[in-house]
Each structure stands twice: as structure tokens, then as C-alpha cells.
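Data from input_13.pdb: PDB, C-alpha atoms, pLDDT in the B column
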MODEL        1
ATOM      1  CA  MET A1171      31.626  11.179  65.974  1.00 56.00           C
ATOM      2  CA  THR A1172      32.364   7.439  66.157  1.00 62.00           C
ATOM      3  CA  ARG A1173      33.594   5.873  69.376  1.00 55.00           C
ATOM      4  CA  ARG A1174      36.925   5.072  67.705  1.00 59.00           C
ATOM      5  CA  LYS A1175      37.499   8.696  66.664  1.00 64.00           C
ATOM      6  CA  SER A1176      36.465   9.913  70.089  1.00 68.00           C
ATOM      7  CA  HIS A1177      39.048   7.597  71.645  1.00 67.00           C
ATOM      8  CA  ARG A1178      41.778   8.910  69.330  1.00 75.00           C
ATOM      9  CA  PHE A1179      40.955  12.531  70.091  1.00 73.00           C
ATOM     10  CA  LEU A1180      41.200  11.727  73.804  1.00 74.00           C
ATOM     11  CA  GLN A1181      44.519  10.015  73.115  1.00 82.00           C
ATOM     12  CA  ASN A1182      45.822  13.174  71.411  1.00 83.00           C
ATOM     13  CA  ALA A1183      44.778  15.280  74.380  1.00 84.00           C
ATOM     14  CA  GLU A1184      46.818  13.033  76.672  1.00 83.00           C
ATOM     15  CA  SER A1185      49.812  12.477  74.369  1.00 91.00           C
ATOM     16  CA  THR A1186      52.948  14.461  75.109  1.00 94.00           C
ATOM     17  CA  ASN A1187      54.106  14.239  71.483  1.00 96.00           C
ATOM     18  CA  VAL A1188      50.965  15.913  70.063  1.00 97.00           C
ATOM     19  CA  ILE A1189      50.632  19.693  70.031  1.00 97.00           C
ATOM     20  CA  GLU A1190      47.113  20.923  69.344  1.00 96.00           C
ATOM     21  CA  SER A1191      44.674  23.635  70.313  1.00 94.00           C
ATOM     22  CA  GLY A1192      44.040  23.665  74.058  1.00 94.00           C
ATOM     23  CA  LYS A1193      47.577  22.681  75.043  1.00 95.00           C
ATOM     24  CA  PRO A1194      49.945  25.347  76.420  1.00 94.00           C
ATOM     25  CA  LEU A1195      52.684  24.853  73.803  1.00 96.00           C
ATOM     26  CA  TYR A1196      50.173  25.451  70.994  1.00 96.00           C
ATOM     27  CA  LYS A1197      50.321  29.172  71.751  1.00 95.00           C
ATOM     28  CA  THR A1198      53.997  29.460  72.703  1.00 97.00           C
ATOM     29  CA  ILE A1199      55.902  27.053  70.442  1.00 98.00           C
ATOM     30  CA  LEU A1200      56.578  29.609  67.670  1.00 97.00           C
ATOM     31  CA  GLY A1201      60.344  29.644  67.199  1.00 96.00           C
ATOM     32  CA  ARG A1202      60.809  27.488  70.295  1.00 97.00           C
ATOM     33  CA  TRP A1203      60.633  23.898  68.992  1.00 98.00           C
ATOM     34  CA  ARG A1204      64.239  23.036  69.776  1.00 98.00           C
ATOM     35  CA  PRO A1205      64.476  24.340  73.363  1.00 97.00           C
ATOM     36  CA  ASP A1206      60.884  23.896  74.509  1.00 97.00           C
ATOM     37  CA  PHE A1207      59.855  20.609  72.910  1.00 97.00           C
ATOM     38  CA  PHE A1208      62.881  18.620  71.756  1.00 98.00           C
ATOM     39  CA  GLY A1209      65.421  19.972  74.215  1.00 97.00           C
ATOM     40  CA  ASN A1210      68.234  19.967  71.661  1.00 98.00           C
ATOM     41  CA  GLY A1211      69.642  21.994  68.771  1.00 97.00           C
ATOM     42  CA  ASN A1212      69.168  19.334  66.086  1.00 98.00           C
ATOM     43  CA  PRO A1213      67.777  19.983  62.578  1.00 98.00           C
ATOM     44  CA  ILE A1214      63.997  20.062  62.128  1.00 98.00           C
ATOM     45  CA  VAL A1215      62.172  18.203  59.335  1.00 98.00           C
ATOM     46  CA  LEU A1216      58.446  18.569  58.601  1.00 98.00           C
ATOM     47  CA  GLU A1217      56.098  16.087  56.963  1.00 97.00           C
ATOM     48  CA  LEU A1218      53.116  18.075  55.677  1.00 97.00           C
ATOM     49  CA  ALA A1219      49.680  16.451  55.378  1.00 94.00           C
ATOM     50  CA  CYS A1220      51.359  13.611  57.246  1.00 94.00           C
ATOM     51  CA  GLY A1221      48.281  11.434  57.768  1.00 91.00           C
ATOM     52  CA  LYS A1222      49.406   8.601  60.036  1.00 92.00           C
ATOM     53  CA  GLY A1223      52.965   9.931  59.922  1.00 93.00           C
ATOM     54  CA  GLU A1224      54.682   7.029  58.192  1.00 93.00           C
ATOM     55  CA  TYR A1225      57.531   9.230  57.006  1.00 93.00           C
ATOM     56  CA  THR A1226      57.734  11.137  60.268  1.00 96.00           C
ATOM     57  CA  VAL A1227      58.168   7.909  62.222  1.00 96.00           C
ATOM     58  CA  GLY A1228      60.237   6.038  59.632  1.00 95.00           C
ATOM     59  CA  LEU A1229      62.759   8.830  59.153  1.00 96.00           C
ATOM     60  CA  ALA A1230      62.922   9.458  62.902  1.00 97.00           C
ATOM     61  CA  GLN A1231      63.983   5.864  63.412  1.00 97.00           C
ATOM     62  CA  ALA A1232      66.689   6.199  60.762  1.00 96.00           C
ATOM     63  CA  PHE A1233      67.976   9.591  61.953  1.00 97.00           C
ATOM     64  CA  PRO A1234      67.856   9.822  65.765  1.00 97.00           C
ATOM     65  CA  ASN A1235      69.823  13.095  65.762  1.00 98.00           C
ATOM     66  CA  VAL A1236      67.181  14.903  63.688  1.00 98.00           C
ATOM     67  CA  ASN A1237      63.822  16.231  64.954  1.00 98.00           C
ATOM     68  CA  PHE A1238      60.744  15.264  62.935  1.00 98.00           C
ATOM     69  CA  ILE A1239      57.324  16.931  63.052  1.00 98.00           C
ATOM     70  CA  GLY A1240      54.248  15.583  61.280  1.00 98.00           C
ATOM     71  CA  VAL A1241      51.626  18.219  60.465  1.00 98.00           C
ATOM     72  CA  ASP A1242      47.997  17.408  59.702  1.00 96.00           C
ATOM     73  CA  ILE A1243      44.549  18.751  60.551  1.00 94.00           C
ATOM     74  CA  LYS A1244      43.046  15.273  61.003  1.00 90.00           C
ATOM     75  CA  GLY A1245      43.325  14.334  64.660  1.00 88.00           C
ATOM     76  CA  ASP A1246      42.316  10.695  64.239  1.00 87.00           C
ATOM     77  CA  ARG A1247      45.160  10.158  61.753  1.00 90.00           C
ATOM     78  CA  ILE A1248      47.772  11.895  63.879  1.00 93.00           C
ATOM     79  CA  ALA A1249      46.741   9.762  66.858  1.00 93.00           C
ATOM     80  CA  ARG A1250      47.918   6.618  65.089  1.00 93.00           C
ATOM     81  CA  GLY A1251      51.348   8.021  64.281  1.00 95.00           C
ATOM     82  CA  SER A1252      51.636   9.441  67.779  1.00 96.00           C
ATOM     83  CA  ARG A1253      50.963   6.063  69.369  1.00 95.00           C
ATOM     84  CA  ILE A1254      53.455   4.274  67.102  1.00 96.00           C
ATOM     85  CA  ALA A1255      56.166   6.823  67.905  1.00 97.00           C
ATOM     86  CA  GLN A1256      55.503   6.425  71.625  1.00 96.00           C
ATOM     87  CA  ASN A1257      55.572   2.637  71.411  1.00 96.00           C
ATOM     88  CA  LEU A1258      58.936   2.858  69.645  1.00 97.00           C
ATOM     89  CA  GLY A1259      60.264   5.212  72.299  1.00 97.00           C
ATOM     90  CA  LEU A1260      61.047   7.959  69.782  1.00 98.00           C
ATOM     91  CA  SER A1261      61.846  11.231  71.544  1.00 97.00           C
ATOM     92  CA  ASN A1262      62.631  13.014  68.248  1.00 98.00           C
ATOM     93  CA  VAL A1263      59.022  12.947  66.979  1.00 98.00           C
ATOM     94  CA  ALA A1264      56.217  15.468  67.375  1.00 98.00           C
ATOM     95  CA  PHE A1265      52.846  15.906  65.724  1.00 98.00           C
ATOM     96  CA  LEU A1266      51.246  19.294  65.180  1.00 98.00           C
ATOM     97  CA  ARG A1267      47.521  19.380  64.564  1.00 97.00           C
ATOM     98  CA  THR A1268      46.780  22.457  62.488  1.00 97.00           C
ATOM     99  CA  ASP A1269      45.908  23.644  59.007  1.00 96.00           C
ATOM    100  CA  ILE A1270      49.012  23.928  56.820  1.00 97.00           C
ATOM    101  CA  ASN A1271      47.922  27.441  55.868  1.00 96.00           C
ATOM    102  CA  PHE A1272      48.890  28.481  59.398  1.00 96.00           C
ATOM    103  CA  LEU A1273      52.457  27.128  59.505  1.00 97.00           C
ATOM    104  CA  GLY A1274      53.740  30.658  59.980  1.00 96.00           C
ATOM    105  CA  GLU A1275      52.036  30.749  63.374  1.00 97.00           C
ATOM    106  CA  PHE A1276      54.158  27.832  64.599  1.00 98.00           C
ATOM    107  CA  PHE A1277      57.524  28.199  62.854  1.00 98.00           C
ATOM    108  CA  THR A1278      59.744  31.233  62.399  1.00 97.00           C
ATOM    109  CA  LYS A1279      61.884  32.214  59.435  1.00 96.00           C
ATOM    110  CA  GLY A1280      64.696  29.726  58.882  1.00 95.00           C
ATOM    111  CA  GLU A1281      63.578  27.341  61.631  1.00 97.00           C
ATOM    112  CA  ILE A1282      63.057  24.324  59.356  1.00 97.00           C
ATOM    113  CA  ASN A1283      65.734  22.308  57.546  1.00 97.00           C
ATOM    114  CA  GLU A1284      63.626  20.078  55.278  1.00 97.00           C
ATOM    115  CA  ILE A1285      60.009  19.665  54.216  1.00 98.00           C
ATOM    116  CA  TRP A1286      58.426  16.450  52.934  1.00 97.00           C
ATOM    117  CA  ILE A1287      55.101  16.488  51.089  1.00 97.00           C
ATOM    118  CA  THR A1288      53.983  12.893  50.706  1.00 92.00           C
ATOM    119  CA  PHE A1289      50.986  12.055  48.518  1.00 92.00           C
ATOM    120  CA  PRO A1290      48.977  15.234  49.059  1.00 93.00           C
ATOM    121  CA  ASP A1291      45.442  15.685  47.777  1.00 93.00           C
ATOM    122  CA  PRO A1292      45.993  16.638  44.097  1.00 95.00           C
ATOM    123  CA  GLN A1293      43.076  19.113  44.159  1.00 94.00           C
ATOM    124  CA  PRO A1294      42.488  18.393  40.458  1.00 94.00           C
ATOM    125  CA  ARG A1295      39.858  20.985  39.534  1.00 94.00           C
ATOM    126  CA  PRO A1296      41.102  24.382  38.333  1.00 91.00           C
ATOM    127  CA  LYS A1297      39.233  26.217  41.092  1.00 94.00           C
ATOM    128  CA  GLN A1298      41.123  24.063  43.642  1.00 96.00           C
ATOM    129  CA  GLU A1299      44.563  25.154  42.434  1.00 96.00           C
ATOM    130  CA  LYS A1300      45.158  27.514  45.359  1.00 96.00           C
ATOM    131  CA  HIS A1301      44.801  24.555  47.735  1.00 96.00           C
ATOM    132  CA  ARG A1302      47.560  22.481  46.111  1.00 97.00           C
ATOM    133  CA  LEU A1303      50.515  22.244  48.482  1.00 98.00           C
ATOM    134  CA  THR A1304      52.870  23.272  45.686  1.00 97.00           C
ATOM    135  CA  HIS A1305      50.872  26.371  44.737  1.00 97.00           C
ATOM    136  CA  PRO A1306      53.074  29.518  44.608  1.00 97.00           C
ATOM    137  CA  ARG A1307      51.653  30.849  47.875  1.00 96.00           C
ATOM    138  CA  PHE A1308      52.705  27.677  49.700  1.00 97.00           C
ATOM    139  CA  LEU A1309      56.118  27.616  48.038  1.00 97.00           C
ATOM    140  CA  ALA A1310      56.691  31.206  49.157  1.00 96.00           C
ATOM    141  CA  MET A1311      55.855  30.176  52.718  1.00 96.00           C
ATOM    142  CA  TYR A1312      58.237  27.220  52.564  1.00 97.00           C
ATOM    143  CA  GLN A1313      61.013  29.451  51.232  1.00 95.00           C
ATOM    144  CA  SER A1314      60.589  31.722  54.225  1.00 95.00           C
ATOM    145  CA  LEU A1315      60.489  28.981  56.853  1.00 96.00           C
ATOM    146  CA  LEU A1316      63.333  26.849  55.485  1.00 97.00           C
ATOM    147  CA  VAL A1317      66.949  27.515  56.370  1.00 96.00           C
ATOM    148  CA  PRO A1318      69.026  28.930  53.504  1.00 93.00           C
ATOM    149  CA  GLY A1319      69.399  26.035  51.095  1.00 92.00           C
ATOM    150  CA  GLY A1320      66.761  23.942  52.900  1.00 96.00           C
ATOM    151  CA  THR A1321      65.304  21.011  50.950  1.00 97.00           C
ATOM    152  CA  LEU A1322      61.764  20.421  49.693  1.00 97.00           C
ATOM    153  CA  HIS A1323      60.669  16.875  48.813  1.00 97.00           C
ATOM    154  CA  LEU A1324      57.474  15.869  46.981  1.00 97.00           C
ATOM    155  CA  LYS A1325      56.114  12.392  46.304  1.00 94.00           C
ATOM    156  CA  THR A1326      52.899  11.786  44.378  1.00 94.00           C
ATOM    157  CA  ASP A1327      51.290   9.180  42.168  1.00 92.00           C
ATOM    158  CA  ASN A1328      49.332  11.900  40.338  1.00 94.00           C
ATOM    159  CA  PRO A1329      51.067  12.888  37.061  1.00 95.00           C
ATOM    160  CA  GLU A1330      49.054  16.083  36.635  1.00 97.00           C
ATOM    161  CA  LEU A1331      49.976  17.339  40.099  1.00 97.00           C
ATOM    162  CA  PHE A1332      53.590  16.383  39.502  1.00 98.00           C
ATOM    163  CA  THR A1333      53.788  18.295  36.214  1.00 97.00           C
ATOM    164  CA  TYR A1334      52.152  21.294  37.880  1.00 98.00           C
ATOM    165  CA  SER A1335      54.565  21.081  40.826  1.00 98.00           C
ATOM    166  CA  LEU A1336      57.623  20.907  38.569  1.00 97.00           C
ATOM    167  CA  GLU A1337      56.474  24.047  36.794  1.00 97.00           C
ATOM    168  CA  GLN A1338      55.839  25.902  40.039  1.00 97.00           C
ATOM    169  CA  VAL A1339      59.143  24.876  41.638  1.00 96.00           C
ATOM    170  CA  GLN A1340      61.047  25.995  38.550  1.00 95.00           C
ATOM    171  CA  ALA A1341      59.136  29.287  38.485  1.00 95.00           C
ATOM    172  CA  ALA A1342      60.032  29.785  42.158  1.00 93.00           C
ATOM    173  CA  GLN A1343      63.690  29.271  41.228  1.00 89.00           C
ATOM    174  CA  GLY A1344      64.129  26.074  43.198  1.00 91.00           C
ATOM    175  CA  ARG A1345      67.803  25.140  43.001  1.00 94.00           C
ATOM    176  CA  ASP A1346      69.549  21.794  42.442  1.00 95.00           C
ATOM    177  CA  LEU A1347      66.297  20.288  41.173  1.00 96.00           C
ATOM    178  CA  GLN A1348      66.273  16.512  40.835  1.00 96.00           C
ATOM    179  CA  TYR A1349      63.214  14.531  39.812  1.00 97.00           C
ATOM    180  CA  THR A1350      61.947  11.267  38.391  1.00 97.00           C
ATOM    181  CA  THR A1351      58.623   9.896  37.185  1.00 96.00           C
ATOM    182  CA  ASP A1352      59.562   6.346  38.231  1.00 95.00           C
ATOM    183  CA  LEU A1353      61.078   6.584  41.687  1.00 93.00           C
ATOM    184  CA  TYR A1354      61.564   2.888  42.403  1.00 91.00           C
ATOM    185  CA  ASN A1355      63.621   2.443  39.254  1.00 92.00           C
ATOM    186  CA  SER A1356      65.668   5.577  39.890  1.00 93.00           C
ATOM    187  CA  PRO A1357      68.906   6.201  41.837  1.00 92.00           C
ATOM    188  CA  LEU A1358      66.902   8.770  43.821  1.00 93.00           C
ATOM    189  CA  ASN A1359      65.070   5.887  45.497  1.00 90.00           C
ATOM    190  CA  GLU A1360      67.961   5.523  47.943  1.00 88.00           C
ATOM    191  CA  ILE A1361      66.804   8.708  49.668  1.00 87.00           C
ATOM    192  CA  HIS A1362      63.605   7.033  50.876  1.00 83.00           C
ATOM    193  CA  LEU A1363      65.042   4.121  52.858  1.00 85.00           C
ATOM    194  CA  GLY A1364      62.179   1.884  51.756  1.00 83.00           C
ATOM    195  CA  ILE A1365      59.568   3.928  53.654  1.00 88.00           C
ATOM    196  CA  LYS A1366      56.083   3.838  52.106  1.00 86.00           C
ATOM    197  CA  THR A1367      52.802   5.374  53.209  1.00 84.00           C
ATOM    198  CA  LYS A1368      49.739   3.134  53.284  1.00 82.00           C
ATOM    199  CA  TYR A1369      48.436   4.579  50.033  1.00 80.00           C
ATOM    200  CA  GLU A1370      51.857   4.521  48.412  1.00 85.00           C
ATOM    201  CA  GLN A1371      52.034   0.790  49.053  1.00 86.00           C
ATOM    202  CA  ILE A1372      48.591   0.352  47.484  1.00 86.00           C
ATOM    203  CA  PHE A1373      49.612   2.362  44.414  1.00 81.00           C
ATOM    204  CA  PHE A1374      52.893   0.464  44.143  1.00 83.00           C
ATOM    205  CA  ASP A1375      51.183  -2.939  44.406  1.00 87.00           C
ATOM    206  CA  LYS A1376      48.827  -1.937  41.593  1.00 87.00           C
ATOM    207  CA  GLY A1377      51.760  -1.097  39.342  1.00 84.00           C
ATOM    208  CA  PHE A1378      51.549   2.697  39.466  1.00 86.00           C
ATOM    209  CA  THR A1379      54.815   4.581  39.123  1.00 91.00           C
ATOM    210  CA  ILE A1380      55.716   7.116  41.809  1.00 93.00           C
ATOM    211  CA  ASN A1381      56.802  10.655  40.958  1.00 96.00           C
ATOM    212  CA  TYR A1382      59.388  12.407  43.108  1.00 96.00           C
ATOM    213  CA  LEU A1383      61.217  15.701  43.155  1.00 97.00           C
ATOM    214  CA  GLN A1384      63.578  17.483  45.500  1.00 96.00           C
ATOM    215  CA  CYS A1385      65.104  20.924  45.351  1.00 96.00           C
ATOM    216  CA  LYS A1386      66.638  23.623  47.513  1.00 96.00           C
ATOM    217  CA  MET A1387      64.009  26.215  48.436  1.00 88.00           C
ATOM    218  CA  GLY A1388      65.347  28.132  51.418  1.00 69.00           C
ATOM    219  CA  VAL A1389      66.152  31.782  50.664  1.00 65.00           C
ATOM    220  CA  ILE A1390      69.890  32.433  50.495  1.00 55.00           C
TER
ENDMDL
END

Re-express the file's structure as C-alpha cells.
Amino acid sequence: MTRRKSHRFLQNAESTNVIESGKPLYKTILGRWRPDFFGNGNPIVLELACGKGEYTVGLAQAFPNVNFIGVDIKGDRIARGSRIAQNLGLSNVAFLRTDINFLGEFFTKGEINEIWITFPDPQPRPKQEKHRLTHPRFLAMYQSLLVPGGTLHLKTDNPELFTYSLEQVQAAQGRDLQYTTDLYNSPLNEIHLGIKTKYEQIFFDKGFTINYLQCKMGVI
């Protein structure tokens, strides 16, 4: 492990806005995010595979009366978002370090209002399909955890993943589906408030178009 990574892991251990294995809330937070962490009854929004948490932090700044949680397994990435949120004095931000497969161990049915999936690994090989974050098994999990009528957002530069995701969302009977293959030249761009991840900015600067979809996934 490099010295820089070691420092970031130590930072996570000391950060009050990071929940990870070894901390008391890691075992008790299930269904208790509002009272035990945020101390309010505000809506909860997840950013899955959040990396450095650009959307978690950016949206939290724009919507102070909403709780935002970035989820990622990579501790060194979460540490950067955690530090930025702390420096900005954001009390409506948390980071959860865990595998997305285990979301059901940290959130109860209907506890989440929105889910953002921003530039996930496209897992392009056929044998990797089950790992795509829009695979049917993940969509079924999101449907359970979202409030009735809760919203799912996906952004990706990968056209193959986007086509696959559209098919899976439609098969899962996602409602009020809206999508575009050129986000920045679409009316849907207003939803994003100009927030870009590091890699999104790189793709955008190189002239790649950004694919986006949103739909209602929570079970009614």
C-alpha cells in the first residue's frame, strides 16, 4: 500500500462522515440513517460507485434539505469526497464504504428516494453482465429499496451499456422513462446543475456524447 493510500484510509477511520467496517454505525445503521446519522427526516439520495463523490457533494450543496450518501468500495476514493464535504461544512453528506451487492444490509425497504449511477464500469464482456449495475438483479434491489415512485438516474459514455440499460429498465417496467444519447444538447441537462465527474469532464472535452436516463423504479 502506498503512503498516500495509507493516509487516506487513516483519514476515513477518523472521519465522522464515513461509515465503514470497524465503526459502530456500520452494524447498526440499517433503517436508521435519518435518526442516527443525519438527525432529520429529509429524503435520502444515493450515488452508487461514487468514486470521489462529485455528485454526492455537488448535489448536497444544491439541496441542503436532502441527505446524500455516496457508496463505493474504494476507500482511497471516498476519502477525497469525504474531505471535500467536510471542508465545505456539509452536514447532509455521508459516505458508505461497502460493496454495492450488500446495499440491503444497510438500507431497508422504501428508505431511499433516489439513486444515481454515474459512469459505472461497463463490464463489457458477456460473462461480466451480472456485474453491470443495471443488471436485473440490481434493478430488483433498487426497486425494493426505493420509496414508491422513487427515481433511478444513469449517466454513461458507453453506448453499449446504455442500450443494455434501456432494455433492462423497460423490462423491469420502469415508469416515466426519459432518456437521451446527447445529454448536453438535451432539455434533460437541466437536471444535472452542471455537475461533472472527473472522467465525465475528460469524455466531454474529447467530444464524446453523454447518455442519460431516468425513470421511476420504486414499487407502488

So which residues touch Lys1197 of chain A within 10 Å, counting only C-alpha atoms, skipping near sequence neighbours fewer than 5 positions away, as JSON, numbers by chain? {"A": [1189, 1190, 1191, 1192, 1275, 1276]}

Mind writing the picked residues with C-alpha atoms as a PDB file, keeping the file's coordinate frame?
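The result, stored in again06.pdb:
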ATOM      1  CA  ILE A1189      50.632  19.693  70.031  1.00 97.00           C
ATOM      2  CA  GLU A1190      47.113  20.923  69.344  1.00 96.00           C
ATOM      3  CA  SER A1191      44.674  23.635  70.313  1.00 94.00           C
ATOM      4  CA  GLY A1192      44.040  23.665  74.058  1.00 94.00           C
ATOM      5  CA  GLU A1275      52.036  30.749  63.374  1.00 97.00           C
ATOM      6  CA  PHE A1276      54.158  27.832  64.599  1.00 98.00           C
TER       7      PHE A1276
END

How many Å lie between atom CA of Gly1274 of chain A and atom CA of Leu1347 of chain A, rounded to one decimal?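 Separating atom CA of Gly1274 of chain A from atom CA of Leu1347 of chain A is a distance of 24.9 Å.
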
Hits from the PyMOL selection byres ((chain A and resi 1302-1319) around 7), listed as a PyMOL selection string: chain A and resi 1277-1284+1292-1293+1299-1301+1320-1321+1335+1338+1386-1390

Hey, what's within 12 Å of Phe1378 of chain A if we count all atoms listed in the file and toss same-chain stuff fewer than 2 positions away? As number ranges by chain, please? A: 1326-1329, 1351-1354, 1369-1376, 1380-1381

Could you give me, as a Markdown table, a per-residue list for segment 1301-1389 of chain A showing, wherever an atom lies at most 12 Å from an atom of segment 1229-1245 of chain A, the closest pair of atoms and their distance in Å to one decimal, using all atoms listed in the file and sorting by chain then residue number from low to high?
| residue | atom | partner | partner_atom | distance |
| --- | --- | --- | --- | --- |
| A:Ile1361 | CA | A:Leu1229 | CA | 10.3 |
| A:His1362 | CA | A:Leu1229 | CA | 8.5 |
| A:Leu1363 | CA | A:Leu1229 | CA | 8.2 |
| A:Gly1364 | CA | A:Leu1229 | CA | 10.2 |
| A:Ile1365 | CA | A:Leu1229 | CA | 8.0 |
| A:Lys1366 | CA | A:Leu1229 | CA | 10.9 |

Taking the point (62.3, 23.2, 68.3) as given in the file, collect each protein or nucleic acid residue that comes within 9 Å of it, counting only C-alpha atoms, and present the set as a compact mmCIF listing (two decimals) with C-alpha atoms, in the frame of the given file.
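Okay, part.txt is ready:
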# COMPACT_ATOMS: atom_id res chain seq x y z
CA ILE A 1199 55.90 27.05 70.44
CA LEU A 1200 56.58 29.61 67.67
CA GLY A 1201 60.34 29.64 67.20
CA ARG A 1202 60.81 27.49 70.30
CA TRP A 1203 60.63 23.90 68.99
CA ARG A 1204 64.24 23.04 69.78
CA PRO A 1205 64.48 24.34 73.36
CA ASP A 1206 60.88 23.90 74.51
CA PHE A 1207 59.86 20.61 72.91
CA PHE A 1208 62.88 18.62 71.76
CA GLY A 1209 65.42 19.97 74.22
CA ASN A 1210 68.23 19.97 71.66
CA GLY A 1211 69.64 21.99 68.77
CA ASN A 1212 69.17 19.33 66.09
CA PRO A 1213 67.78 19.98 62.58
CA ILE A 1214 64.00 20.06 62.13
CA ASN A 1237 63.82 16.23 64.95
CA PHE A 1277 57.52 28.20 62.85
CA GLU A 1281 63.58 27.34 61.63

Can you report as lines of an AutoDock Vina configuration file the centre and edge lengths in Å, to one decimal, of an axis-aligned box around the listed atoms of segment 1200-1215 of chain A padded with 6 Å on each side?
center_x = 63.1
center_y = 23.9
center_z = 66.9
size_x = 25.1
size_y = 23.4
size_z = 27.2

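Going from atom CA of Ser1185 of chain A to atom CA of Ile1270 of chain A covers 21.0 Å.
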
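Proximity to Ala1183 of chain A was assessed for A:Ile1287, A:Leu1266, A:Ile1254, A:Leu1322 counting only C-alpha atoms; the smallest distance is recorded for A:Leu1266.
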
Counting only C-alpha atoms, which of A:Ala1219, A:Val1227, A:Leu1324, A:Leu1336 gets nearest to Arg1247 of chain A?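 Going through A:Ala1219, A:Val1227, A:Leu1324, A:Leu1336 one by one, the smallest distance to Arg1247 of chain A is for A:Ala1219.
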